[in-house]
>>> print(open('my_file_9.tsv').read())   # TSV, C-alpha atoms and all ligand atoms
chain	number	residue	atom	x	y	z
A	298	MET	CA	0.00	0.00	0.00
A	299	VAL	CA	0.98	3.66	-0.28
A	300	ASN	CA	3.43	4.46	2.49
A	301	PRO	CA	2.85	8.04	3.67
A	302	SER	CA	5.78	7.76	6.07
A	303	ALA	CA	8.28	7.43	3.18
A	304	SER	CA	10.65	10.39	3.00
A	305	VAL	CA	8.22	12.77	1.35
A	306	PRO	CA	7.73	15.42	0.29
A	307	ILE	CA	10.77	15.74	-1.92
A	308	ARG	CA	11.10	19.45	-2.56
A	309	PRO	CA	12.32	21.57	-5.52
A	310	GLY	CA	16.09	21.62	-5.65
A	311	ALA	CA	16.33	17.85	-5.18
A	312	ALA	CA	17.53	15.51	-7.95
A	313	LEU	CA	15.06	13.04	-9.50
A	314	GLY	CA	16.13	9.85	-11.29
A	315	LEU	CA	14.55	8.77	-14.55
A	316	LEU	CA	14.80	5.33	-16.18
A	317	GLY	CA	14.19	5.82	-19.91
A	318	GLY	CA	15.13	8.84	-21.97
A	319	GLY	CA	12.56	9.09	-24.77
A	320	GLN	CA	10.02	11.84	-25.40
A	321	LEU	CA	7.98	11.06	-22.29
A	322	GLY	CA	11.15	11.42	-20.24
A	323	ARG	CA	12.02	14.64	-22.03
A	324	MET	CA	8.66	16.23	-21.22
A	325	PHE	CA	8.91	14.95	-17.61
A	326	THR	CA	12.38	16.50	-17.38
A	327	LEU	CA	11.24	19.86	-18.77
A	328	ALA	CA	8.37	19.94	-16.25
A	329	ALA	CA	10.68	18.94	-13.39
A	330	ARG	CA	13.24	21.59	-14.29
A	331	SER	CA	10.56	24.20	-14.52
A	332	LEU	CA	9.62	23.31	-10.92
A	333	GLY	CA	13.27	23.71	-9.90
A	334	PHE	CA	14.29	20.04	-9.71
A	335	ARG	CA	17.35	18.44	-11.21
A	336	VAL	CA	16.97	15.31	-13.35
A	337	HIS	CA	19.39	12.44	-13.93
A	338	ALA	CA	18.27	10.23	-16.82
A	339	LEU	CA	19.39	6.75	-17.88
A	340	ASP	CA	18.92	5.53	-21.45
A	341	PRO	CA	20.83	3.16	-23.75
A	342	GLY	CA	20.75	5.56	-26.70
A	343	HIS	CA	23.18	8.31	-27.64
A	344	ASP	CA	21.85	11.89	-27.43
A	345	CYS	CA	18.45	10.73	-26.19
A	346	PRO	CA	15.50	13.17	-26.01
A	347	ALA	CA	15.52	13.37	-22.19
A	348	GLY	CA	19.33	13.39	-21.94
A	349	GLN	CA	19.42	16.56	-24.07
A	350	VAL	CA	17.51	18.47	-21.38
A	351	ALA	CA	18.54	16.58	-18.21
A	352	ASP	CA	21.25	17.67	-15.74
A	353	LEU	CA	22.99	14.33	-16.03
A	354	GLU	CA	22.73	11.61	-18.67
A	355	PHE	CA	23.72	7.99	-17.97
A	356	ARG	CA	24.23	6.10	-21.21
A	357	ALA	CA	23.72	2.48	-20.21
A	358	ALA	CA	21.65	-0.56	-21.10
A	359	TYR	CA	18.53	-1.15	-18.99
A	360	ASN	CA	20.05	-4.37	-17.69
A	361	ASP	CA	23.16	-2.53	-16.45
A	362	VAL	CA	22.36	-2.86	-12.75
A	363	TYR	CA	25.50	-0.96	-11.66
A	364	ALA	CA	24.70	2.04	-13.83
A	365	ALA	CA	21.11	2.10	-12.53
A	366	GLN	CA	22.41	1.97	-8.96
A	367	ALA	CA	24.88	4.78	-9.67
A	368	LEU	CA	21.95	6.84	-10.95
A	369	ALA	CA	19.86	5.99	-7.88
A	370	ARG	CA	22.61	6.97	-5.41
A	371	GLY	CA	22.64	10.52	-6.77
A	372	VAL	CA	18.90	11.21	-6.53
A	373	GLU	CA	16.05	11.28	-3.97
A	374	VAL	CA	13.50	9.23	-5.91
A	375	VAL	CA	13.45	7.27	-9.17
A	376	THR	CA	10.66	7.10	-11.74
A	377	VAL	CA	10.26	5.58	-15.19
A	378	GLU	CA	9.09	6.67	-18.61
A	379	PHE	CA	9.15	3.16	-20.02
A	380	GLU	CA	7.71	0.01	-18.42
A	381	ASN	CA	9.97	-2.65	-19.90
A	382	ILE	CA	12.86	-2.26	-17.47
A	383	PRO	CA	14.29	-5.65	-16.36
A	384	ALA	CA	13.23	-6.86	-12.91
A	385	GLU	CA	16.85	-7.07	-11.60
A	386	THR	CA	17.42	-3.41	-12.42
A	387	LEU	CA	14.17	-2.41	-10.73
A	388	SER	CA	14.91	-4.31	-7.54
A	389	ALA	CA	18.49	-2.97	-7.43
A	390	VAL	CA	17.16	0.60	-7.71
A	391	ALA	CA	14.35	0.00	-5.22
A	392	SER	CA	16.85	-1.32	-2.66
A	393	LEU	CA	18.52	2.11	-2.66
A	394	ARG	CA	15.82	4.72	-3.19
A	395	PRO	CA	12.01	5.03	-3.35
A	396	MET	CA	10.93	4.03	-6.87
A	397	HIS	CA	7.55	5.07	-8.28
A	398	PRO	CA	5.80	3.20	-9.80
A	399	GLY	CA	6.94	0.22	-7.74
A	400	ALA	CA	8.44	-2.97	-9.16
A	401	HIS	CA	5.16	-4.84	-8.45
A	402	VAL	CA	3.29	-2.49	-10.82
A	403	LEU	CA	5.86	-2.85	-13.60
A	404	HIS	CA	5.90	-6.63	-13.17
A	405	THR	CA	2.14	-6.76	-13.80
A	406	VAL	CA	2.02	-4.42	-16.79
A	407	GLN	CA	5.15	-5.74	-18.54
A	408	HIS	CA	3.24	-8.81	-19.61
A	409	ARG	CA	-0.16	-8.76	-21.34
A	410	LEU	CA	-1.29	-12.02	-19.79
A	411	ARG	CA	-0.42	-10.93	-16.28
A	412	GLU	CA	-2.05	-7.56	-16.88
A	413	LYS	CA	-5.28	-9.00	-18.28
A	414	THR	CA	-5.44	-11.69	-15.60
A	415	PHE	CA	-4.94	-9.05	-12.90
A	416	LEU	CA	-7.74	-6.91	-14.36
A	417	ALA	CA	-10.14	-9.83	-14.82
A	418	GLU	CA	-9.47	-11.13	-11.30
A	419	HIS	CA	-10.24	-7.68	-9.87
A	420	GLY	CA	-13.53	-7.53	-11.76
A	421	PHE	CA	-12.51	-5.00	-14.45
A	422	PRO	CA	-13.91	-5.66	-17.93
A	423	VAL	CA	-11.28	-6.77	-20.46
A	424	THR	CA	-11.32	-8.01	-24.04
A	425	PRO	CA	-11.89	-11.80	-24.01
A	426	PHE	CA	-8.44	-13.44	-24.24
A	427	ARG	CA	-6.60	-16.77	-24.19
A	428	GLU	CA	-2.98	-17.68	-23.54
A	429	VAL	CA	-1.12	-19.10	-26.58
A	430	SER	CA	2.12	-21.08	-26.23
A	431	THR	CA	1.65	-23.66	-29.02
A	432	LEU	CA	-0.11	-23.81	-32.38
A	433	LYS	CA	-2.64	-26.15	-30.73
A	434	ASP	CA	-3.35	-23.49	-28.08
A	435	LEU	CA	-3.93	-21.01	-30.91
A	436	GLU	CA	-6.37	-23.34	-32.68
A	437	ALA	CA	-8.28	-23.88	-29.43
A	438	ALA	CA	-8.25	-20.13	-28.68
A	439	VAL	CA	-9.59	-19.29	-32.15
A	440	ALA	CA	-12.30	-21.92	-31.71
A	441	ALA	CA	-13.29	-20.27	-28.41
A	442	LEU	CA	-13.04	-16.57	-29.37
A	443	GLY	CA	-13.84	-16.76	-33.10
A	444	GLN	CA	-12.50	-14.62	-35.93
A	445	PRO	CA	-11.56	-11.92	-36.53
A	446	SER	CA	-9.22	-11.95	-33.59
A	447	VAL	CA	-5.75	-10.59	-32.90
A	448	LEU	CA	-2.65	-12.45	-31.74
A	449	LYS	CA	-0.21	-10.36	-29.70
A	450	THR	CA	3.12	-11.14	-28.09
A	451	ALA	CA	2.73	-11.22	-24.30
A	452	SER	CA	5.82	-9.07	-23.76
A	453	PHE	CA	7.43	-6.02	-25.40
A	454	GLY	CA	4.49	-5.06	-27.60
A	455	TYR	CA	3.57	-1.45	-28.25
A	456	ASP	CA	2.15	0.61	-31.11
A	457	GLY	CA	0.87	-2.57	-32.76
A	458	LYS	CA	4.32	-4.21	-32.81
A	459	GLY	CA	4.13	-7.98	-32.45
A	460	GLN	CA	0.45	-8.12	-33.48
A	461	SER	CA	-1.23	-10.16	-36.23
A	462	LYS	CA	-4.89	-10.00	-37.15
A	463	LEU	CA	-6.49	-13.39	-37.81
A	464	ALA	CA	-9.32	-13.13	-40.32
A	465	GLY	CA	-9.46	-16.69	-41.68
A	466	PRO	CA	-8.11	-20.23	-41.14
A	467	ASP	CA	-5.00	-19.59	-43.30
A	468	ASP	CA	-3.84	-16.84	-40.95
A	469	LEU	CA	-3.16	-19.09	-37.95
A	470	ALA	CA	0.16	-20.68	-38.88
A	471	PRO	CA	1.86	-17.45	-40.12
A	472	ALA	CA	0.61	-15.53	-37.06
A	473	PHE	CA	1.93	-18.21	-34.73
A	474	ALA	CA	5.27	-18.22	-36.57
A	475	ALA	CA	5.42	-14.43	-36.18
A	476	LEU	CA	5.48	-14.87	-32.39
A	477	GLY	CA	9.01	-16.22	-32.93
A	478	GLY	CA	8.82	-18.62	-30.00
A	479	GLN	CA	7.49	-15.99	-27.58
A	480	GLN	CA	4.38	-16.53	-25.50
A	481	GLY	CA	1.28	-14.98	-27.07
A	482	VAL	CA	-2.20	-13.75	-26.18
A	483	LEU	CA	-5.16	-14.16	-28.52
A	484	GLU	CA	-7.78	-11.43	-28.14
A	485	ALA	CA	-11.27	-11.32	-29.59
A	486	TRP	CA	-11.58	-8.47	-32.10
A	487	VAL	CA	-13.60	-5.68	-30.53
A	488	PRO	CA	-15.97	-3.83	-32.89
A	489	PHE	CA	-15.54	-0.61	-30.95
A	490	GLU	CA	-17.30	2.71	-31.52
A	491	LEU	CA	-14.24	4.62	-30.40
A	492	GLU	CA	-11.05	4.33	-28.40
A	493	CYS	CA	-10.48	6.53	-25.39
A	494	SER	CA	-8.10	6.78	-22.47
A	495	VAL	CA	-8.05	8.12	-18.96
A	496	ILE	CA	-4.93	9.37	-17.24
A	497	CYS	CA	-4.87	9.59	-13.48
A	498	ALA	CA	-2.28	10.19	-10.79
A	499	ARG	CA	-1.81	8.80	-7.32
A	500	SER	CA	0.70	10.49	-5.09
A	501	ALA	CA	3.07	9.00	-2.55
A	502	THR	CA	0.70	10.45	0.08
A	503	GLY	CA	-2.32	8.62	-1.37
A	504	GLU	CA	-3.92	11.73	-2.98
A	505	THR	CA	-5.49	11.04	-6.39
A	506	CYS	CA	-6.67	13.01	-9.40
A	507	VAL	CA	-7.96	12.30	-12.89
A	508	TRP	CA	-8.07	14.22	-16.20
A	509	PRO	CA	-11.06	14.37	-18.55
A	510	VAL	CA	-11.36	11.42	-20.94
A	511	ALA	CA	-9.25	11.64	-24.13
A	512	GLU	CA	-10.65	10.34	-27.46
A	513	ASN	CA	-8.03	8.60	-29.56
A	514	ALA	CA	-7.77	7.79	-33.26
A	515	HIS	CA	-5.08	5.36	-34.43
A	516	ARG	CA	-3.51	4.90	-37.84
A	517	ASN	CA	-1.54	1.71	-38.51
A	518	HIS	CA	-1.95	0.85	-34.79
A	519	ILE	CA	-0.12	4.06	-33.79
A	520	LEU	CA	-1.90	6.95	-32.08
A	521	ASP	CA	-2.61	9.59	-34.72
A	522	THR	CA	-4.83	12.18	-33.02
A	523	THR	CA	-6.39	12.82	-29.63
A	524	VAL	CA	-9.39	15.00	-28.96
A	525	PHE	CA	-9.82	16.38	-25.46
A	526	PRO	CA	-12.41	15.96	-23.96
A	527	ALA	CA	-13.77	12.83	-25.65
A	528	ARG	CA	-17.09	13.30	-27.44
A	529	ILE	CA	-18.92	10.71	-25.34
A	530	PRO	CA	-21.90	10.91	-22.94
A	531	ALA	CA	-21.07	12.34	-19.51
A	532	GLY	CA	-22.16	9.11	-17.81
A	533	VAL	CA	-19.74	7.01	-19.87
A	534	ALA	CA	-16.92	9.48	-19.17
A	535	ALA	CA	-17.61	9.34	-15.44
A	536	ARG	CA	-17.56	5.51	-15.53
A	537	ALA	CA	-14.22	5.50	-17.39
A	538	GLN	CA	-12.68	7.94	-14.90
A	539	ALA	CA	-13.97	5.97	-11.90
A	540	MET	CA	-12.62	2.73	-13.38
A	541	ALA	CA	-9.18	4.24	-13.99
A	542	LEU	CA	-8.97	5.41	-10.36
A	543	ALA	CA	-10.17	2.01	-9.12
A	544	ILE	CA	-7.50	0.24	-11.22
A	545	ALA	CA	-4.82	2.61	-9.88
A	546	ALA	CA	-5.88	1.76	-6.32
A	547	ALA	CA	-6.04	-1.99	-7.02
A	548	LEU	CA	-2.58	-1.93	-8.60
A	549	ASP	CA	-1.30	0.31	-5.79
A	550	VAL	CA	0.36	2.68	-8.25
A	551	VAL	CA	2.29	5.68	-7.05
A	552	GLY	CA	2.80	8.06	-9.94
A	553	MET	CA	0.77	8.00	-13.14
A	554	LEU	CA	-1.57	5.46	-14.63
A	555	THR	CA	-3.07	5.54	-18.11
A	556	VAL	CA	-5.96	3.23	-18.91
A	557	GLU	CA	-6.82	2.68	-22.58
A	558	PHE	CA	-10.40	1.68	-23.30
A	559	PHE	CA	-12.48	0.39	-26.18
A	560	LEU	CA	-15.98	1.91	-26.06
A	561	LYS	CA	-18.53	-0.42	-27.61
A	562	PRO	CA	-21.80	0.71	-29.20
A	563	GLY	CA	-24.28	0.84	-26.29
A	564	GLY	CA	-21.76	2.32	-23.84
A	565	GLU	CA	-19.86	-0.76	-22.62
A	566	LEU	CA	-16.21	-0.03	-21.78
A	567	LEU	CA	-13.45	-2.66	-22.07
A	568	VAL	CA	-9.94	-2.06	-20.81
A	569	ASN	CA	-7.44	-2.55	-23.63
A	570	GLU	CA	-4.14	-1.71	-21.97
A	571	LEU	CA	-2.50	-0.08	-18.95
A	572	ALA	CA	0.58	2.14	-18.81
A	573	PRO	CA	1.93	3.26	-15.41
A	574	ARG	CA	3.33	6.51	-16.80
A	575	PRO	CA	2.32	9.59	-18.79
A	576	HIS	CA	0.90	8.68	-22.18
A	577	ASN	CA	0.86	9.97	-25.74
A	578	SER	CA	-2.90	10.60	-25.41
A	579	GLY	CA	-2.16	13.06	-22.57
A	580	HIS	CA	0.23	15.35	-24.43
A	581	ALA	CA	-2.48	17.97	-24.87
A	582	THR	CA	-2.46	18.44	-21.07
A	583	ILE	CA	0.73	20.52	-21.49
A	584	ASP	CA	-1.08	23.30	-23.32
A	585	ALA	CA	-4.70	22.64	-22.41
A	586	CYS	CA	-4.77	21.92	-18.66
A	587	VAL	CA	-3.84	23.76	-15.49
A	588	THR	CA	-1.43	20.89	-14.71
A	589	SER	CA	0.20	18.70	-17.34
A	590	GLN	CA	0.58	14.96	-16.94
A	591	PHE	CA	4.35	15.47	-16.72
A	592	GLU	CA	4.21	18.06	-13.94
A	593	GLN	CA	1.82	15.74	-12.14
A	594	GLN	CA	4.26	12.84	-12.40
A	595	VAL	CA	6.84	15.05	-10.65
A	596	ARG	CA	4.38	16.07	-7.94
A	597	ALA	CA	3.08	12.52	-7.43
A	598	VAL	CA	6.46	10.77	-7.13
A	599	CYS	CA	7.74	13.52	-4.83
A	600	GLY	CA	4.71	13.31	-2.54
A	601	LEU	CA	3.84	16.95	-3.24
A	602	PRO	CA	0.21	18.16	-3.49
A	603	LEU	CA	-1.25	17.23	-6.89
A	604	GLY	CA	-2.10	20.04	-9.31
A	605	ASP	CA	-5.50	20.92	-10.75
A	606	THR	CA	-6.36	18.75	-13.79
A	607	ALA	CA	-8.98	21.17	-15.16
A	608	LEU	CA	-9.14	21.54	-18.94
A	609	LEU	CA	-8.86	25.24	-19.89
A	610	ARG	CA	-10.43	24.80	-23.34
A	611	PRO	CA	-11.28	21.90	-25.68
A	612	ALA	CA	-8.09	20.71	-27.37
A	613	ALA	CA	-6.65	18.35	-29.95
A	614	MET	CA	-3.25	16.75	-30.45
A	615	ALA	CA	-1.78	15.33	-33.67
A	616	ASN	CA	1.36	13.23	-33.72
A	617	LEU	CA	4.23	14.04	-36.08
A	618	LEU	CA	5.74	10.75	-37.27
A	619	GLY	CA	8.99	10.30	-39.13
A	620	ASP	CA	6.98	9.70	-42.33
A	621	LEU	CA	6.60	13.50	-42.58
A	622	TRP	CA	10.36	14.01	-42.88
A	623	PRO	CA	11.89	14.38	-46.35
A	624	ALA	CA	14.58	11.86	-47.40
A	625	THR	CA	17.22	14.43	-46.50
A	626	GLY	CA	16.96	17.34	-44.10
A	627	GLU	CA	14.06	18.66	-42.07
A	628	PRO	CA	10.45	19.47	-42.91
A	629	CYS	CA	9.73	23.09	-43.76
A	630	TRP	CA	8.88	24.28	-40.23
A	631	GLU	CA	7.91	27.80	-41.35
A	632	ARG	CA	4.88	26.37	-43.14
A	633	LEU	CA	3.72	24.84	-39.89
A	634	LEU	CA	4.68	27.74	-37.65
A	635	ALA	CA	2.61	30.06	-39.85
A	636	HIS	CA	-0.35	28.38	-38.13
A	637	ARG	CA	0.05	30.74	-35.22
A	638	ASP	CA	-2.46	29.16	-32.86
A	639	VAL	CA	-0.90	25.69	-33.09
A	640	LYS	CA	1.82	24.68	-30.62
A	641	LEU	CA	4.75	22.63	-31.93
A	642	HIS	CA	6.55	20.16	-29.65
A	643	LEU	CA	9.62	18.40	-31.08
A	644	TYR	CA	11.50	15.68	-29.24
A	645	GLY	CA	15.04	16.36	-30.44
A	646	LYS	CA	15.35	13.11	-32.40
A	647	THR	CA	17.84	13.46	-35.22
A	648	GLU	CA	16.98	10.29	-37.10
A	649	ALA	CA	13.49	10.18	-38.64
A	650	ARG	CA	12.06	6.76	-39.49
A	651	PRO	CA	8.57	5.85	-40.71
A	652	GLY	CA	6.33	5.34	-37.67
A	653	ARG	CA	8.80	6.98	-35.26
A	654	LYS	CA	7.25	9.62	-33.00
A	655	MET	CA	9.23	12.81	-33.66
A	656	GLY	CA	6.92	15.42	-32.16
A	657	HIS	CA	3.32	16.53	-31.79
A	658	LEU	CA	1.03	19.51	-32.33
A	659	THR	CA	-1.60	20.87	-29.98
A	660	ALA	CA	-4.36	23.42	-30.58
A	661	LEU	CA	-7.12	24.80	-28.38
A	662	ALA	CA	-10.51	25.98	-29.65
A	663	ASP	CA	-14.14	26.46	-28.64
A	664	THR	CA	-14.99	22.88	-29.64
A	665	PRO	CA	-12.95	19.67	-29.93
A	666	GLU	CA	-13.85	19.54	-33.66
A	667	ALA	CA	-12.44	23.04	-34.26
A	668	ALA	CA	-9.26	22.15	-32.35
A	669	LEU	CA	-8.85	18.97	-34.38
A	670	ALA	CA	-9.32	20.91	-37.64
A	671	LYS	CA	-6.51	23.27	-36.59
A	672	VAL	CA	-3.92	20.59	-35.86
A	673	LEU	CA	-4.81	18.64	-39.00
A	674	ALA	CA	-4.52	21.74	-41.18
A	675	ALA	CA	-1.13	22.58	-39.66
A	676	ARG	CA	0.14	19.04	-40.16
A	677	GLU	CA	-1.12	19.05	-43.74
A	678	ALA	CA	0.75	22.30	-44.37
A	679	LEU	CA	3.94	20.56	-43.27
A	680	ARG	CA	3.38	17.88	-45.86
A	681	GLY	CA	3.41	20.70	-48.38
B	1	LIG	P1	-2.38	-2.28	-28.49
B	1	LIG	O1	-0.90	-2.17	-28.72
B	1	LIG	O2	-2.78	-3.60	-27.92
B	1	LIG	O3	-2.94	-1.12	-27.71
B	1	LIG	O4	-3.06	-2.19	-29.94
B	1	LIG	C1	-2.88	-1.07	-30.78
B	1	LIG	C2	-4.18	-0.73	-31.47
B	1	LIG	O5	-4.63	-1.86	-32.27
B	1	LIG	C3	-5.34	-0.44	-30.53
B	1	LIG	O6	-5.29	0.86	-30.05
B	1	LIG	C4	-6.52	-0.71	-31.47
B	1	LIG	O7	-6.72	0.34	-32.38
B	1	LIG	C5	-6.06	-1.94	-32.25
B	1	LIG	N1	-6.47	-3.17	-31.51
B	1	LIG	C6	-5.70	-3.86	-30.66
B	1	LIG	N2	-6.37	-4.92	-30.13
B	1	LIG	C7	-7.61	-4.88	-30.64
B	1	LIG	C8	-8.78	-5.69	-30.47
B	1	LIG	N3	-8.79	-6.77	-29.66
B	1	LIG	N4	-9.90	-5.34	-31.16
B	1	LIG	C9	-9.88	-4.26	-31.98
B	1	LIG	N5	-8.82	-3.46	-32.19
B	1	LIG	C10	-7.69	-3.76	-31.54
>>> encode(input="my_file_9.tsv", output="structure tokens")
Amino acid sequence: MVNPSASVPIRPGAALGLLGGGQLGRMFTLAARSLGFRVHALDPGHDCPAGQVADLEFRAAYNDVYAAQALARGVEVVTVEFENIPAETLSAVASLRPMHPGAHVLHTVQHRLREKTFLAEHGFPVTPFREVSTLKDLEAAVAALGQPSVLKTASFGYDGKGQSKLAGPDDLAPAFAALGGQQGVLEAWVPFELECSVICARSATGETCVWPVAENAHRNHILDTTVFPARIPAGVAARAQAMALAIAAALDVVGMLTVEFFLKPGGELLVNELAPRPHNSGHATIDACVTSQFEQQVRAVCGLPLGDTALLRPAAMANLLGDLWPATGEPCWERLLAHRDVKLHLYGKTEARPGRKMGHLTALADTPEAALAKVLAAREALRG
């Protein structure tokens, strides 16, 4: 359970440790620095997005226990921007400093089967699923759940990586082969009306808060746009927010929790996935809310009072993927910046690849539709 007697609050001026140095870590670091904290970040990559703005960058593999311990010794608390950190590293860090979210949370969410089993056992609605270790398991799972269905690797899957859709009998063998010997999870295909997510925070003191529901549109399994607040009935939004807070309490998360949902016609909500960290669907909170998800992560892991999550105006976010980059050089930023009411956030990545998240755009407006039109027009202008 949350331990209010832990050495909190951790106050501005202290150093915070960060495992993972991607864009989520960069935006966490910028928020922490703006509150007067120092940040030490660990990431395997050279010139990583968070390292560019952190006080100290540790370039080390996630399984480098000694490097993670060196990071931990120099800070007051450690947090993560990435859930797939090896268990040995997590326990080595947790033996030295408070770590939020805790290793028990990361253990559950690192593995789809564990995550879904945890949710189902706690009475939360999830997509029907079956474990798949052999081709025979897959045949039995397809017989039980029907087709279409989707086979996913149990570990290390994100943005649709490691997923195969099964639409007919010929798809089973290739999908099983694509698991490459890893354990899999077969999920029934959900004919959803829309996808949405709820981000909430739970502080080291036990205080909680939740943002309005975000409405998400994916392209090629990768988040494309988010509209804030989601265009769903108030009762459905309240249920989604209550469920996210209940999951955070059941998991005993300290820090952030994002819950991704499928909303079915008729109002039924199914949990698709959990992430114990800020989330791409919450990027609009930087420009559109009193407190961003990144500032809240700082407050929550430090045991400081949580900030107001109120939405100032309806907003929309559009991702900028590497596909928008020309073969050589940079996109023509002036074309985008001429859209003066659109905010550009770039992550400092020098190498653009198709599907790689390079930045995002946010706009505010009187309605979510108008905000969405603004970010789409600005992104289109970039395409030239
Ligand atoms: P995931 O990485 O599991 O969140 O999947 C990425 C995206 O693929 C989701 O956001 C959905 O758009 C789609 N997807 C994944 N699983 C299902 C499912 N069982 N039914 C329908 N769409 C799905």
>>> residues_around(input="my_file_9.tsv", residues="stretch 609-616 of chain A", least_positions_apart="3", cutoff="6 Å", atoms="all atoms listed in the file", output="PyMOL selection string")
chain A and resi 521-525+581+585-586+657-662+664-665+668-669
>>> closest_residue(input="my_file_9.tsv", among="A:Glu373, A:Asp352, A:Asp620, A:Glu412", to="ligand LIG 1 (chain B)", atoms="all atoms listed in the file")
A:Glu412
>>> residues_near_ligand(input="my_file_9.tsv", ligand="ligand LIG 1 (chain B)", cutoff="8 Å", atoms="only C-alpha atoms and all ligand atoms", output="PyMOL selection string")
chain A and resi 424+446-447+449+454-458+460+484-489+492+514-520+557+559+569-570
>>> residues_near_point(input="my_file_9.tsv", point="(23.8, -2.1, -12.7)", cutoff="12 Å", atoms="all atoms listed in the file", output="ChimeraX atom specification")
/A:339,355-370,382-390
>>> closest_residue(input="my_file_9.tsv", among="A:Leu435, A:Ala501, A:Ala328, A:Val568", to="A:Asp549", atoms="all atoms listed in the file")
A:Ala501
>>> closest_residue(input="my_file_9.tsv", among="A:Gly399, A:Pro341, A:Pro466, A:Gly478", to="A:Val429", atoms="only C-alpha atoms")
A:Gly478
>>> build_atoms(input="my_file_9.tsv", residues="stretch 441-454 of chain A", atoms="N, CA, C and O atoms", output="short mmCIF file (atom, residue, chain, number, x, y, z; two decimals), keeping the file's coordinate frame")
data_model
loop_
_atom_site.label_atom_id
_atom_site.label_comp_id
_atom_site.auth_asym_id
_atom_site.auth_seq_id
_atom_site.Cartn_x
_atom_site.Cartn_y
_atom_site.Cartn_z
N ALA A 441 -12.54 -20.85 -29.53
CA ALA A 441 -13.29 -20.27 -28.41
C ALA A 441 -13.69 -18.82 -28.67
O ALA A 441 -14.81 -18.41 -28.36
N LEU A 442 -12.78 -18.02 -29.25
CA LEU A 442 -13.04 -16.57 -29.37
C LEU A 442 -13.54 -16.17 -30.75
O LEU A 442 -14.05 -15.07 -30.93
N GLY A 443 -13.36 -17.05 -31.75
CA GLY A 443 -13.84 -16.76 -33.10
C GLY A 443 -12.89 -15.86 -33.86
O GLY A 443 -11.83 -15.47 -33.37
N GLN A 444 -13.28 -15.53 -35.09
CA GLN A 444 -12.50 -14.62 -35.93
C GLN A 444 -13.44 -13.54 -36.46
O GLN A 444 -14.63 -13.82 -36.62
N PRO A 445 -12.95 -12.34 -36.69
CA PRO A 445 -11.56 -11.92 -36.53
C PRO A 445 -11.13 -11.88 -35.06
O PRO A 445 -11.94 -11.70 -34.16
N SER A 446 -9.83 -12.08 -34.90
CA SER A 446 -9.22 -11.95 -33.59
C SER A 446 -7.79 -11.45 -33.81
O SER A 446 -7.35 -11.34 -34.96
N VAL A 447 -7.10 -11.14 -32.73
CA VAL A 447 -5.75 -10.59 -32.90
C VAL A 447 -4.80 -11.30 -31.95
O VAL A 447 -5.10 -11.48 -30.77
N LEU A 448 -3.67 -11.75 -32.52
CA LEU A 448 -2.65 -12.45 -31.74
C LEU A 448 -1.54 -11.45 -31.42
O LEU A 448 -1.00 -10.80 -32.33
N LYS A 449 -1.24 -11.33 -30.13
CA LYS A 449 -0.21 -10.36 -29.70
C LYS A 449 0.86 -11.07 -28.89
O LYS A 449 0.55 -12.02 -28.15
N THR A 450 2.09 -10.59 -28.98
CA THR A 450 3.12 -11.14 -28.09
C THR A 450 2.79 -10.68 -26.67
O THR A 450 2.30 -9.57 -26.45
N ALA A 451 3.07 -11.56 -25.69
CA ALA A 451 2.73 -11.22 -24.30
C ALA A 451 3.64 -10.12 -23.77
O ALA A 451 3.23 -9.32 -22.94
N SER A 452 4.87 -10.07 -24.27
CA SER A 452 5.82 -9.07 -23.76
C SER A 452 6.29 -8.14 -24.88
O SER A 452 6.27 -8.52 -26.06
N PHE A 453 6.77 -6.96 -24.48
CA PHE A 453 7.43 -6.02 -25.40
C PHE A 453 6.61 -5.64 -26.62
O PHE A 453 7.16 -5.50 -27.71
N GLY A 454 5.30 -5.52 -26.47
CA GLY A 454 4.49 -5.06 -27.60
C GLY A 454 4.05 -3.63 -27.36
O GLY A 454 3.65 -3.30 -26.26
#
